[in-house]
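A.B. asks: Once you've had a glance at the structure underneath, I'll fire off some questions.
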Amino acid sequence: QFRPDTWDRFWDLVLAVTLSREHLSVPTSEAVRRLVMAGQASLDEFGVVVAGLAVAGTIALGLRWPRVLLLSGLFLGATVAQTTFWNVGLERLNVVYLLPAFPVVSLAAAAGIEGVARLVERTAGLFPRGSAPTGNAAGLRMGLAVRVVLAALAVGSLAWRGLDYYARAALAAYQPLDRFRLDLSGGVAAERLVLSSLPRLEENALVLAHWEQATAFWYYELVDRVNPNVQIAYGLRDVARVLSENPGRPIYLAQAMGVPATRPLTMVGPLVKVQDAPSGQVPLAARGAPHQFEGGLALVGWEFFDAHGNRSRTLRGEPAVVAVELYWQSAARIERDYSVSLRLMNDKGQVATQWDNQHPVLGLYPTSRWSAGEVVGDYYELACRTLPAGDYRLELLAYESTPGGFHNLKVLEPDGQPTAVTLVLAASVRCGMQ
């Protein structure tokens, strides 16, 4: 999307001047607090053992190789400064910018192992300062033992942290996508995000994404050759400008973004499609008998997705995540704004988990903006594998916020008589780690 076909655009891409001006905007009053956040992020990454060795190594480098410490410190300082002052929200850091500092920390930790070993040797009186360790078998063995023990502690600490991270990432694979789709660490969530949407997009479509999402889409396009002609762009936040520069082109959003209020919206899987005009079509595989709600709202179909993004008319087996796309239709122009709640209910009739949208389409498309006869896709995900083991019921509720609370819309019989306030989409869903 940078189109580096002129010198100006080429240097803009290489130097990232525009991007830097946008993001290097953290006020200096926040510097200390964010430096503490960066320190905590580093400690979480390396653990106390490696961090302690790195501190010892910094002292050792200062005593033996001050120029190495100076140059490494300058590089480390620049890296930490960029991470601290790069504004992705005052309450969070773009911690990936710390990655170039990891070799410096590794160097310091290695120097720490050597420094501590030498200190132990000298404390034991084996090798006085300035003496060579040759010819002293006991000293050599003690020095080797200290180095091996410290190295084993460092490697063991990192391995334990890695296994702990892997366990949390495996659990994250069974968490539903949120509105911004930024936590894709489990891998399966990224696969579901892409394969439930990318194969269904037009070849000339443009997907606006954050870089985490873009990476997943690029993988399936470039490696697995899934719809490779779709363009994936990250860093483009001005949806109105993208629309004006790409008239008539299908535009999709991989997360909730600000969209001009004049544009009708729908969803294709978890992606939001920004349309030129409303659509009245329901995918053939998702069509069913309409379920009418009060207020002119109707559910005219739905389809489920498994954890890997495969579509199905029914829920199969024991899903890791309950993923469903609802297809709404307005019989006439809707005057009110209705909200949607998708819920898994346990055998006691209690809500086990739910996802509520104030407005359909990730909260971006109020029902009062819908046209008569318009069909709107509306995608939801609920955690299932991480719930207590048992059978659950998948229910759908539409409601309106009122000054006194909420008004639940009743489901209507074919003759127009109101019945229950919930619609059961699946009577039995087996959830929980088995």
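By convention in this document, the chains of the structure tokens carry letters A, B, ... by their order, each chain's residues are numbered from 1, and ligands are numbered from 1 in the order they are shown.
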Restrict the calculation to only C-alpha atoms, then for each residue of stretch 284-362 of chain A with any atom at most 9 Å from an atom of stretch 184-194 of chain A give the closest atom pair and their distance in Å to one decimal, rows by chain and rising residue number, as JSON lines.
C.D. replies:
```
{"residue": "A:Phe305", "atom": "CA", "partner": "A:Arg192", "partner_atom": "CA", "distance": 8.2}
{"residue": "A:Asp306", "atom": "CA", "partner": "A:Arg192", "partner_atom": "CA", "distance": 7.8}
{"residue": "A:Ala307", "atom": "CA", "partner": "A:Arg192", "partner_atom": "CA", "distance": 6.0}
{"residue": "A:His308", "atom": "CA", "partner": "A:Arg192", "partner_atom": "CA", "distance": 4.7}
{"residue": "A:Gly309", "atom": "CA", "partner": "A:Arg192", "partner_atom": "CA", "distance": 4.2}
{"residue": "A:Asn310", "atom": "CA", "partner": "A:Arg192", "partner_atom": "CA", "distance": 8.0}
```
A.B. asks: Using the chain letters and numbers from this document, which residues of stretch 58-295 of chain A does DSSP assign to alpha helix (DSSP H), as number ranges by chain?
C.D. replies: A: 58-64, 66-85, 102-123, 137-172, 188-195, 211-222, 239-245
A.B. asks: Neighbouring residues of stretch 198-205 of chain A were defined as those with any atom within 7 Å, considering only C-alpha atoms; residues of the same chain fewer than 2 positions away were excluded. Please report them as a list in words.
C.D. replies: Val194, Leu195, Ser196, Val207, Val226, Asn227, Asn229, Val230, Gln231, Arg249, Pro250 and Ile251 of chain A
A.B. asks: Figure out the distance between atom CA of A:Glu294 and atom CA of A:Glu335, please, to one decimal in Å.
C.D. replies: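 If I compute the distance from atom CA of A:Glu335 to atom CA of A:Glu294, I get 12.1 Å.
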A.B. asks: Compare A:Ser341, A:Asn408, A:Ser368, A:Ser29 by their minimum atom-to-atom distance to A:Trp355, counting only C-alpha atoms, and give me the closest one.
C.D. replies: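 The answer is A:Ser341, which sits nearest to A:Trp355.
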A.B. asks: Using the chain letters and numbers from this document, which residues of stretch 84-261 of chain A does DSSP assign to strand (DSSP E), as number ranges by chain?
C.D. replies: A: 206-209, 231-234, 251-253
A.B. asks: Now that the selection is made, can you save its residues with N, CA, C and O atoms as an mmCIF file, in the first residue's frame?
C.D. replies:
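Below is the file result20.cif, written as the result:
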```cif
data_model
loop_
_atom_site.group_PDB
_atom_site.id
_atom_site.type_symbol
_atom_site.label_atom_id
_atom_site.label_comp_id
_atom_site.auth_asym_id
_atom_site.auth_seq_id
_atom_site.Cartn_x
_atom_site.Cartn_y
_atom_site.Cartn_z
ATOM 1 N N LEU A 206 -9.569 -5.485 -1.121
ATOM 2 C CA LEU A 206 -8.535 -4.885 -0.284
ATOM 3 C C LEU A 206 -8.940 -5.070 1.172
ATOM 4 O O LEU A 206 -10.033 -4.675 1.572
ATOM 5 N N VAL A 207 -8.054 -5.689 1.977
ATOM 6 C CA VAL A 207 -8.324 -5.944 3.382
ATOM 7 C C VAL A 207 -7.438 -5.017 4.212
ATOM 8 O O VAL A 207 -6.206 -5.058 4.099
ATOM 9 N N LEU A 208 -8.059 -4.178 5.043
ATOM 10 C CA LEU A 208 -7.313 -3.305 5.948
ATOM 11 C C LEU A 208 -7.133 -4.047 7.265
ATOM 12 O O LEU A 208 -8.111 -4.468 7.881
ATOM 13 N N ALA A 209 -5.890 -4.178 7.701
ATOM 14 C CA ALA A 209 -5.595 -5.025 8.850
ATOM 15 C C ALA A 209 -4.511 -4.404 9.710
ATOM 16 O O ALA A 209 -3.759 -3.531 9.270
ATOM 17 N N GLN A 231 -5.482 -8.051 -1.870
ATOM 18 C CA GLN A 231 -4.429 -7.218 -1.298
ATOM 19 C C GLN A 231 -4.665 -7.032 0.196
ATOM 20 O O GLN A 231 -5.756 -6.674 0.625
ATOM 21 N N ILE A 232 -3.624 -7.270 0.970
ATOM 22 C CA ILE A 232 -3.675 -7.090 2.421
ATOM 23 C C ILE A 232 -2.830 -5.871 2.769
ATOM 24 O O ILE A 232 -1.646 -5.825 2.441
ATOM 25 N N ALA A 233 -3.430 -4.891 3.403
ATOM 26 C CA ALA A 233 -2.718 -3.658 3.739
ATOM 27 C C ALA A 233 -2.798 -3.408 5.235
ATOM 28 O O ALA A 233 -3.868 -3.520 5.830
ATOM 29 N N TYR A 234 -1.669 -3.088 5.849
ATOM 30 C CA TYR A 234 -1.687 -2.757 7.271
ATOM 31 C C TYR A 234 -1.227 -1.315 7.450
ATOM 32 O O TYR A 234 -0.511 -0.757 6.610
ATOM 33 N N ILE A 251 -13.914 -3.408 -0.130
ATOM 34 C CA ILE A 251 -13.057 -3.065 0.999
ATOM 35 C C ILE A 251 -13.519 -3.846 2.221
ATOM 36 O O ILE A 251 -14.701 -3.831 2.564
ATOM 37 N N TYR A 252 -12.577 -4.500 2.898
ATOM 38 C CA TYR A 252 -12.879 -5.283 4.096
ATOM 39 C C TYR A 252 -12.010 -4.796 5.258
ATOM 40 O O TYR A 252 -10.882 -4.337 5.055
ATOM 41 N N LEU A 253 -12.539 -4.938 6.454
ATOM 42 C CA LEU A 253 -11.826 -4.545 7.662
ATOM 43 C C LEU A 253 -11.612 -5.783 8.532
ATOM 44 O O LEU A 253 -12.561 -6.516 8.812
#
```
A.B. asks: May I ask for the distance between atom CA of A:Pro290 and atom CA of A:Gln354, given in Å to one decimal place?
C.D. replies: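 Atom CA of A:Pro290 sits 23.2 Å away from atom CA of A:Gln354.
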A.B. asks: Any idea what the distance is between atom CA of A:Gly156 and atom CA of A:Val55?
C.D. replies: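 Straight-line distance from atom CA of A:Gly156 to atom CA of A:Val55 works out to 18.4 Å.
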A.B. asks: Find the residues around A:Val95 up to 10 Å (only C-alpha atoms counted), leave out those fewer than 6 positions away in its own chain, and share them as number ranges by chain.
C.D. replies: A: 37-38, 41-42, 80, 83-84, 86
A.B. asks: Please, could you write that set of residues out with C-alpha atoms as an mmCIF file, in the first residue's frame?
C.D. replies:
```cif
data_model
loop_
_atom_site.group_PDB
_atom_site.id
_atom_site.type_symbol
_atom_site.label_atom_id
_atom_site.label_comp_id
_atom_site.auth_asym_id
_atom_site.auth_seq_id
_atom_site.Cartn_x
_atom_site.Cartn_y
_atom_site.Cartn_z
ATOM 1 C CA MET A 37 6.459 -0.921 31.821
ATOM 2 C CA ALA A 38 9.341 -1.690 29.430
ATOM 3 C CA ALA A 41 8.040 -6.513 29.932
ATOM 4 C CA SER A 42 11.741 -7.423 29.729
ATOM 5 C CA VAL A 80 14.174 1.115 24.729
ATOM 6 C CA THR A 83 9.605 1.250 22.547
ATOM 7 C CA THR A 84 8.833 3.724 25.330
ATOM 8 C CA TRP A 86 6.093 4.806 20.334
#
```
